[in-house]
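Dropping model.txt in here (compact mmCIF, C-alpha atoms):
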```
# COMPACT_ATOMS: atom_id res chain seq x y z
CA MET A 606 -82.17 56.64 -62.49
CA LYS A 607 -79.72 59.40 -63.38
CA SER A 608 -77.09 56.81 -64.24
CA PHE A 609 -79.36 55.33 -66.91
CA ILE A 610 -80.44 58.52 -68.72
CA ASP A 611 -78.46 61.25 -70.48
CA VAL A 612 -78.03 64.89 -69.57
CA ARG A 613 -76.94 67.89 -71.62
CA TYR A 614 -75.97 71.35 -70.45
CA GLU A 615 -77.33 74.68 -71.58
CA ILE A 616 -75.05 77.64 -70.93
CA SER A 617 -76.55 81.11 -70.59
CA ALA A 618 -74.82 84.42 -69.95
CA ASP A 619 -75.92 86.88 -67.28
CA ALA A 620 -74.89 90.29 -68.60
CA MET A 621 -75.79 92.07 -65.37
CA GLN A 622 -73.60 89.85 -63.20
CA GLU A 623 -71.03 89.17 -65.93
CA SER A 624 -71.26 85.45 -65.30
CA PHE A 625 -72.39 82.25 -66.94
CA GLN A 626 -75.05 79.87 -65.69
CA ARG A 627 -75.17 76.17 -66.50
CA LYS A 628 -78.53 74.43 -66.65
CA GLU A 629 -78.86 70.64 -66.63
CA ILE A 630 -81.38 69.28 -69.12
CA TRP A 631 -82.08 65.58 -68.65
CA ASP A 632 -83.69 63.27 -71.20
CA TYR A 633 -86.73 63.31 -68.92
CA PRO A 634 -87.52 65.92 -66.25
CA LEU A 635 -86.40 64.62 -62.86
CA LEU A 636 -89.66 65.84 -61.32
CA ALA A 637 -91.65 63.50 -63.57
CA ILE A 638 -89.40 60.55 -62.71
CA ARG A 639 -89.67 61.30 -59.00
CA GLU A 640 -93.47 61.48 -59.15
CA ALA A 641 -93.64 58.17 -61.04
CA LEU A 642 -91.43 56.51 -58.41
CA LEU A 643 -93.50 57.95 -55.57
CA ASN A 644 -96.68 56.80 -57.29
CA ALA A 645 -95.28 53.27 -57.52
CA LEU A 646 -94.24 53.14 -53.85
CA ILE A 647 -97.43 54.65 -52.47
CA HIS A 648 -99.99 52.83 -54.62
CA ARG A 649 -98.32 49.45 -54.96
CA ASP A 650 -100.27 46.31 -54.02
CA TYR A 651 -97.86 44.91 -51.43
CA PHE A 652 -99.93 41.75 -51.00
CA ASN A 653 -99.05 40.78 -54.57
CA THR A 654 -95.64 39.15 -54.15
CA ASP A 655 -95.65 37.51 -57.60
CA ILE A 656 -95.11 40.77 -59.50
CA GLN A 657 -92.48 43.30 -58.50
CA THR A 658 -92.31 46.99 -59.23
CA GLN A 659 -90.32 47.29 -62.47
CA ILE A 660 -88.57 50.23 -64.13
CA ARG A 661 -87.26 49.60 -67.62
CA VAL A 662 -85.13 52.16 -69.44
CA TYR A 663 -85.11 51.90 -73.24
CA ASP A 664 -83.32 53.96 -75.88
CA ASP A 665 -86.47 55.98 -76.49
CA ALA A 666 -88.60 55.54 -73.36
CA ILE A 667 -88.90 54.70 -69.66
CA ARG A 668 -91.57 52.27 -68.49
CA PHE A 669 -92.74 52.06 -64.87
CA HIS A 670 -94.84 48.99 -64.02
CA ASN A 671 -96.41 48.57 -60.64
CA PRO A 672 -98.73 45.88 -59.20
CA GLY A 673 -101.82 47.73 -58.09
CA SER A 674 -104.67 48.54 -60.48
CA LEU A 675 -106.98 51.52 -60.31
CA PRO A 676 -110.03 51.22 -58.04
CA GLN A 677 -113.22 50.19 -59.79
CA GLY A 678 -114.94 53.12 -61.46
CA ILE A 679 -111.79 55.23 -61.67
CA THR A 680 -110.47 55.92 -65.18
CA ILE A 681 -107.13 57.21 -66.40
CA GLU A 682 -108.81 60.34 -67.79
CA MET A 683 -110.10 61.09 -64.31
CA LEU A 684 -106.54 60.95 -62.96
CA LYS A 685 -105.45 63.73 -65.31
CA THR A 686 -107.95 66.15 -63.79
CA GLU A 687 -108.47 67.38 -60.22
CA HIS A 688 -109.57 64.30 -58.29
CA TYR A 689 -109.81 62.71 -54.89
CA SER A 690 -106.93 60.36 -54.13
CA PHE A 691 -107.80 56.72 -53.53
CA LEU A 692 -104.89 55.48 -51.44
CA HIS A 693 -103.95 51.80 -51.49
CA ASN A 694 -101.57 52.39 -48.59
CA PRO A 695 -102.68 55.43 -46.54
CA LEU A 696 -99.97 55.02 -43.87
CA ILE A 697 -97.18 54.94 -46.48
CA ALA A 698 -98.75 57.94 -48.22
CA LYS A 699 -98.86 59.84 -44.93
CA ILE A 700 -95.16 59.14 -44.27
CA PHE A 701 -94.18 60.55 -47.66
CA TYR A 702 -96.49 63.53 -47.13
CA LEU A 703 -95.01 64.36 -43.72
CA ALA A 704 -91.49 63.93 -45.15
CA GLY A 705 -92.29 66.58 -47.76
CA PHE A 706 -92.15 64.30 -50.81
CA VAL A 707 -95.89 64.57 -51.53
CA GLU A 708 -97.18 68.08 -52.07
CA ARG A 709 -100.85 67.18 -52.27
CA TYR A 710 -102.68 63.86 -52.46
CA GLY A 711 -103.97 63.10 -55.94
CA SER A 712 -101.64 65.53 -57.75
CA GLY A 713 -98.92 63.09 -58.90
CA ILE A 714 -100.29 62.22 -62.34
CA GLY A 715 -101.00 65.85 -63.15
CA ARG A 716 -97.47 66.83 -62.12
CA ILE A 717 -96.01 64.16 -64.42
CA VAL A 718 -98.09 65.41 -67.36
CA ASP A 719 -97.20 69.05 -66.67
CA ALA A 720 -93.47 68.37 -66.20
CA LEU A 721 -93.18 66.53 -69.52
CA ALA A 722 -95.21 69.19 -71.34
CA GLU A 723 -93.00 71.94 -69.91
CA ALA A 724 -89.92 70.04 -71.11
CA GLY A 725 -91.42 69.82 -74.59
CA LEU A 726 -91.77 66.03 -74.46
CA PRO A 727 -94.67 63.85 -75.64
CA GLU A 728 -97.55 63.31 -73.24
CA PRO A 729 -96.98 60.24 -71.03
CA GLU A 730 -98.99 57.08 -71.57
CA PHE A 731 -100.93 55.46 -68.73
CA GLN A 732 -102.36 51.97 -68.65
CA SER A 733 -104.24 50.06 -65.97
CA ASP A 734 -105.19 46.38 -66.11
CA SER A 735 -105.39 43.31 -63.90
CA PHE A 736 -101.58 43.10 -63.80
CA GLY A 737 -101.09 46.61 -62.46
CA PHE A 738 -100.50 50.22 -63.48
CA ILE A 739 -98.07 51.38 -66.19
CA VAL A 740 -96.56 54.81 -66.79
CA ARG A 741 -94.58 55.23 -70.02
CA MET A 742 -92.53 58.34 -70.79
CA ARG A 743 -91.08 58.87 -74.26
CA LYS A 744 -88.19 60.95 -75.56
CA ASP A 745 -88.53 63.54 -78.28
CA LEU A 746 -87.59 61.26 -81.18
CA ARG A 747 -87.01 64.16 -83.59
CA PHE A 748 -83.43 64.55 -82.37
CA THR A 749 -82.19 60.97 -82.59
CA GLU A 750 -79.45 60.37 -85.18
CA ASP A 751 -81.64 57.98 -87.16
CA SER A 752 -84.53 60.47 -87.30
CA LEU A 753 -82.26 63.30 -88.42
CA ARG A 754 -80.65 61.17 -91.13
CA ASP A 755 -84.08 60.05 -92.35
CA ALA A 756 -85.09 63.72 -92.54
CA GLY A 757 -82.48 64.21 -95.24
CA LEU A 758 -80.17 66.65 -93.45
CA ASN A 759 -76.79 67.24 -95.02
CA LYS A 760 -73.55 66.33 -93.23
CA ARG A 761 -73.02 69.86 -91.92
CA GLN A 762 -76.53 70.04 -90.51
CA LEU A 763 -76.09 66.67 -88.80
CA GLN A 764 -72.94 68.01 -87.15
CA ALA A 765 -74.79 71.17 -86.13
CA MET A 766 -77.63 69.17 -84.57
CA SER A 767 -75.15 66.94 -82.74
CA PHE A 768 -73.48 70.05 -81.30
CA ALA A 769 -76.88 71.55 -80.38
CA ARG A 770 -77.99 68.35 -78.62
CA GLU A 771 -74.89 68.34 -76.45
CA SER A 772 -74.83 72.04 -75.59
CA GLY A 773 -78.50 72.94 -75.89
CA GLY A 774 -77.96 75.19 -78.90
CA ILE A 775 -75.54 76.57 -81.45
CA THR A 776 -74.48 80.05 -82.63
CA ALA A 777 -73.36 81.19 -86.08
CA VAL A 778 -69.78 81.46 -84.78
CA GLU A 779 -69.87 77.90 -83.42
CA TYR A 780 -71.33 76.64 -86.70
CA ALA A 781 -68.57 78.44 -88.62
CA ALA A 782 -66.00 76.44 -86.62
CA ILE A 783 -67.82 73.22 -87.51
CA ALA A 784 -68.22 73.98 -91.22
CA PRO A 785 -65.45 76.42 -92.26
CA GLU A 786 -65.33 74.98 -95.78
CA VAL A 787 -68.58 76.69 -96.86
CA SER A 788 -69.57 80.34 -97.06
CA GLU A 789 -71.36 82.30 -94.37
CA LYS A 790 -74.40 82.50 -96.64
CA THR A 791 -74.53 78.71 -97.00
CA ARG A 792 -74.22 78.23 -93.23
CA TYR A 793 -77.05 80.71 -92.69
CA ARG A 794 -79.24 78.78 -95.15
CA ASP A 795 -78.41 75.54 -93.31
CA LEU A 796 -79.49 76.99 -89.96
CA LEU A 797 -82.58 78.63 -91.44
CA ASP A 798 -83.58 75.28 -92.97
CA LEU A 799 -83.28 73.62 -89.54
CA VAL A 800 -85.56 76.32 -88.13
CA HIS A 801 -88.13 75.80 -90.89
CA ARG A 802 -88.05 72.06 -90.22
CA GLY A 803 -89.01 72.71 -86.60
CA LEU A 804 -85.73 71.34 -85.24
CA LEU A 805 -84.19 74.60 -84.02
CA GLU A 806 -85.54 77.91 -82.77
CA ALA A 807 -83.77 81.26 -83.19
CA VAL A 808 -83.38 83.09 -79.88
CA GLY A 809 -82.01 86.60 -79.33
CA ALA A 810 -81.01 89.54 -81.49
CA LYS A 811 -79.24 88.93 -84.80
CA LYS A 812 -75.77 89.76 -83.47
CA GLY A 813 -75.95 87.35 -80.54
CA ARG A 814 -78.54 84.97 -81.94
CA ARG A 815 -78.48 81.39 -80.72
CA TYR A 816 -80.27 78.46 -82.29
CA VAL A 817 -81.71 76.20 -79.59
CA LEU A 818 -83.48 72.87 -79.82
CA ALA A 819 -87.11 73.48 -80.72
CA ARG A 820 -89.72 72.51 -78.15
CA LEU A 821 -92.30 69.92 -79.13
CA ARG A 822 -95.65 71.54 -79.88
CA PRO A 823 -98.99 70.18 -81.08
CA GLY A 824 -98.71 69.67 -84.80
CA ASN A 825 -94.98 68.87 -84.99
CA ALA A 826 -94.98 65.76 -82.78
```
Could you render the structure as structure tokens?
Amino acid sequence: MKSFIDVRYEISADAMQESFQRKEIWDYPLLAIREALLNALIHRDYFNTDIQTQIRVYDDAIRFHNPGSLPQGITIEMLKTEHYSFLHNPLIAKIFYLAGFVERYGSGIGRIVDALAEAGLPEPEFQSDSFGFIVRMRKDLRFTEDSLRDAGLNKRQLQAMSFARESGGITAVEYAAIAPEVSEKTRYRDLLDLVHRGLLEAVGAKKGRRYVLARLRPGNA
């Protein structure tokens, strides 16, 4: 799965230890992907040989499709809350539990929802029908090149957002290297505009301030 999704790196400085730390930020949290894969393996209907477990990676989403519908009377909304786990394959589930891959029966869907929310991504979509169970995770579409161009950003701001996507953020010094042809005041207005648009967030004191990608919150989805 890692070979089909992108990763960016966020560098942070540890003043106490005088060192730098690099954090990997994937398009989708790996925990959510792992839980979706485990869910597919554990709850699959293995008697259905006509439909295979499918994982499709798109430019803006990942779709997991698995033969094996929800038991009668169980709804998707029930899965998002604390619930008893109805296991299609209890022996397979027990193997994964003993191997340490399953923390607690019935917690997988909740962990997917929480992991995506913590990463600032849209809530996953779940669907159950006679063909099986579907989990769909979506990217934060605010940061795609098309979305940023449609938002009316100027060329400098597009370059700033491209830099921020790759490194997790941008400083005033880094922006000055990208756009040396304009004044410091103009660059400040550019960055402030990106903050007001909900694309960047200002972090840290003024002298060492860094503008990081804004997390997705209710109201700016």
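Minimum distance to Pro695 in chain A across A:Arg716, A:Arg627, A:Arg761, A:His648 (counting only C-alpha atoms) occurs at A:His648.
With only C-alpha atoms as the atoms that count, the minimum distance from Ile697 in chain A to the choices A:Asp650, A:Asp719, A:Glu682, A:Glu728 is reached by A:Asp650.
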What lies within 10 Å of Met606 in chain A using all atoms listed in the file, ignoring chain neighbours under 2 positions off, as a short mmCIF file (atom, residue, chain, number, x, y, z; two decimals) with C-alpha atoms, in the frame of the given file?
```cif
data_model
loop_
_atom_site.label_atom_id
_atom_site.label_comp_id
_atom_site.auth_asym_id
_atom_site.auth_seq_id
_atom_site.Cartn_x
_atom_site.Cartn_y
_atom_site.Cartn_z
CA SER A 608 -77.09 56.81 -64.24
CA PHE A 609 -79.36 55.33 -66.91
CA ILE A 610 -80.44 58.52 -68.72
CA ASP A 611 -78.46 61.25 -70.48
CA LEU A 635 -86.40 64.62 -62.86
CA ILE A 638 -89.40 60.55 -62.71
CA ARG A 639 -89.67 61.30 -59.00
CA ILE A 660 -88.57 50.23 -64.13
CA VAL A 662 -85.13 52.16 -69.44
#
```
Practice problem: Neighbourhood query: residues within 10 Å of (-84.4, 79.9, -87.8), file coordinates, counting only C-alpha atoms; return as a list of chain:residue names. | Solution: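 Protein, DNA and RNA residues close to (-84.4, 79.9, -87.8): A:Tyr793, A:Arg794, A:Asp795, A:Leu796, A:Leu797, A:Asp798, A:Leu799, A:Val800, A:His801, A:Arg802, A:Gly803, A:Leu804, A:Leu805, A:Glu806, A:Ala807, A:Val808, A:Arg814, A:Arg815, A:Tyr816, A:Val817, A:Ala819.
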Quiz prompt | Counting all atoms listed in the file, the residue of A:Pro785, A:Gly774, A:Gly673, A:Pro727 that sits nearest Asp632 in chain A | solution = A:Pro727
Please produce, as a Markdown table, a per-residue contact table for range 666-695 of chain A versus range 733-736 of chain A (criterion: any atom at most 8 Å away, all atoms listed in the file considered), showing the nearest atom pair and its distance in Å to one decimal, sorted by chain then residue number.
```
| residue | atom | partner | partner_atom | distance |
| --- | --- | --- | --- | --- |
| A:Pro672 | CA | A:Phe736 | CA | 6.1 |
| A:Gly673 | CA | A:Phe736 | CA | 7.4 |
| A:Ser674 | CA | A:Ser733 | CA | 5.7 |
| A:Leu675 | CA | A:Ser733 | CA | 6.5 |
| A:Ile681 | CA | A:Ser733 | CA | 7.7 |
```
Would you save the residues from that selection as a short mmCIF file (atom, residue, chain, number, x, y, z; two decimals), in the coordinates of the input, using C-alpha atoms?
```
data_model
loop_
_atom_site.label_atom_id
_atom_site.label_comp_id
_atom_site.auth_asym_id
_atom_site.auth_seq_id
_atom_site.Cartn_x
_atom_site.Cartn_y
_atom_site.Cartn_z
CA PRO A 672 -98.73 45.88 -59.20
CA GLY A 673 -101.82 47.73 -58.09
CA SER A 674 -104.67 48.54 -60.48
CA LEU A 675 -106.98 51.52 -60.31
CA ILE A 681 -107.13 57.21 -66.40
#
```
Quiz item: What's the 8 Å shell around Asp665 in chain A, counting all atoms listed in the file, without same-chain residues fewer than 6 positions away, as an NGL selection string?
Solution: :A and (743-744 or 746)
How would the residues just picked look written out with C-alpha atoms as an mmCIF file, in the frame of the given file?
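Result went into selection.cif, see below:
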```cif
data_model
loop_
_atom_site.group_PDB
_atom_site.id
_atom_site.type_symbol
_atom_site.label_atom_id
_atom_site.label_comp_id
_atom_site.auth_asym_id
_atom_site.auth_seq_id
_atom_site.Cartn_x
_atom_site.Cartn_y
_atom_site.Cartn_z
ATOM 1 C CA ARG A 743 -91.080 58.870 -74.260
ATOM 2 C CA LYS A 744 -88.190 60.950 -75.560
ATOM 3 C CA LEU A 746 -87.590 61.260 -81.180
#
```
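Compared by their closest atoms to Leu753 in chain A, and using all atoms listed in the file, the residues A:Ala777, A:Ala810, A:Ala704, A:Ala765 rank with A:Ala765 nearest.
Using all atoms listed in the file, the nearest neighbour of Thr680 in chain A within the list A:Tyr651, A:Phe625, A:Phe768, A:Phe738 is A:Phe738.
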Quiz prompt | Selected residue, from A:Glu779, A:Ile616, A:Glu750, A:Gly813, that lies nearest to Asp664 in chain A when counting all atoms listed in the file | solution = A:Glu750
Quiz prompt | Atomic distance CA of Arg741 in chain A - CA of Gln659 in chain A, expressed in Å with one decimal | solution =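 CA of Gln659 in chain A lies 11.8 Å from CA of Arg741 in chain A.
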Quiz item: Using all atoms listed in the file, which residues sit within 9 Å of Ala698 in chain A once same-chain residues fewer than 2 positions away are excluded, as a list in words?
Solution: Leu646, Ile647, His648, Leu692, His693, Asn694, Pro695, Leu696, Ile700, Phe701, Tyr702, Leu703, Val707 and Tyr710 of chain A
Export C-alpha atoms of the chosen residues as a short mmCIF file (atom, residue, chain, number, x, y, z; two decimals), in the frame of the given file?
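Saved to part.cif:
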```
data_model
loop_
_atom_site.label_atom_id
_atom_site.label_comp_id
_atom_site.auth_asym_id
_atom_site.auth_seq_id
_atom_site.Cartn_x
_atom_site.Cartn_y
_atom_site.Cartn_z
CA LEU A 646 -94.24 53.14 -53.85
CA ILE A 647 -97.43 54.65 -52.47
CA HIS A 648 -99.99 52.83 -54.62
CA LEU A 692 -104.89 55.48 -51.44
CA HIS A 693 -103.95 51.80 -51.49
CA ASN A 694 -101.57 52.39 -48.59
CA PRO A 695 -102.68 55.43 -46.54
CA LEU A 696 -99.97 55.02 -43.87
CA ILE A 700 -95.16 59.14 -44.27
CA PHE A 701 -94.18 60.55 -47.66
CA TYR A 702 -96.49 63.53 -47.13
CA LEU A 703 -95.01 64.36 -43.72
CA VAL A 707 -95.89 64.57 -51.53
CA TYR A 710 -102.68 63.86 -52.46
#
```
Practice problem: Record the distance separating CA of Arg668 in chain A and CA of Phe748 in chain A, expressed in Å with one decimal. | Solution: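 CA of Phe748 in chain A lies 20.2 Å from CA of Arg668 in chain A.
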Practice problem: For CA of Met742 in chain A and CA of Ile667 in chain A, determine how far apart the two atoms are, in Å to one decimal place. | Solution: 5.3 Å
To test the calculation: enclose all listed atoms of range 658-669 of chain A in a box whose edges run along x, y and z, add 5 Å on each side, then state centre and edge lengths in Å to one decimal, as JSON.
```
{"center_x": -88.0, "center_y": 51.5, "center_z": -67.9, "size_x": 19.4, "size_y": 19.0, "size_z": 27.3}
```
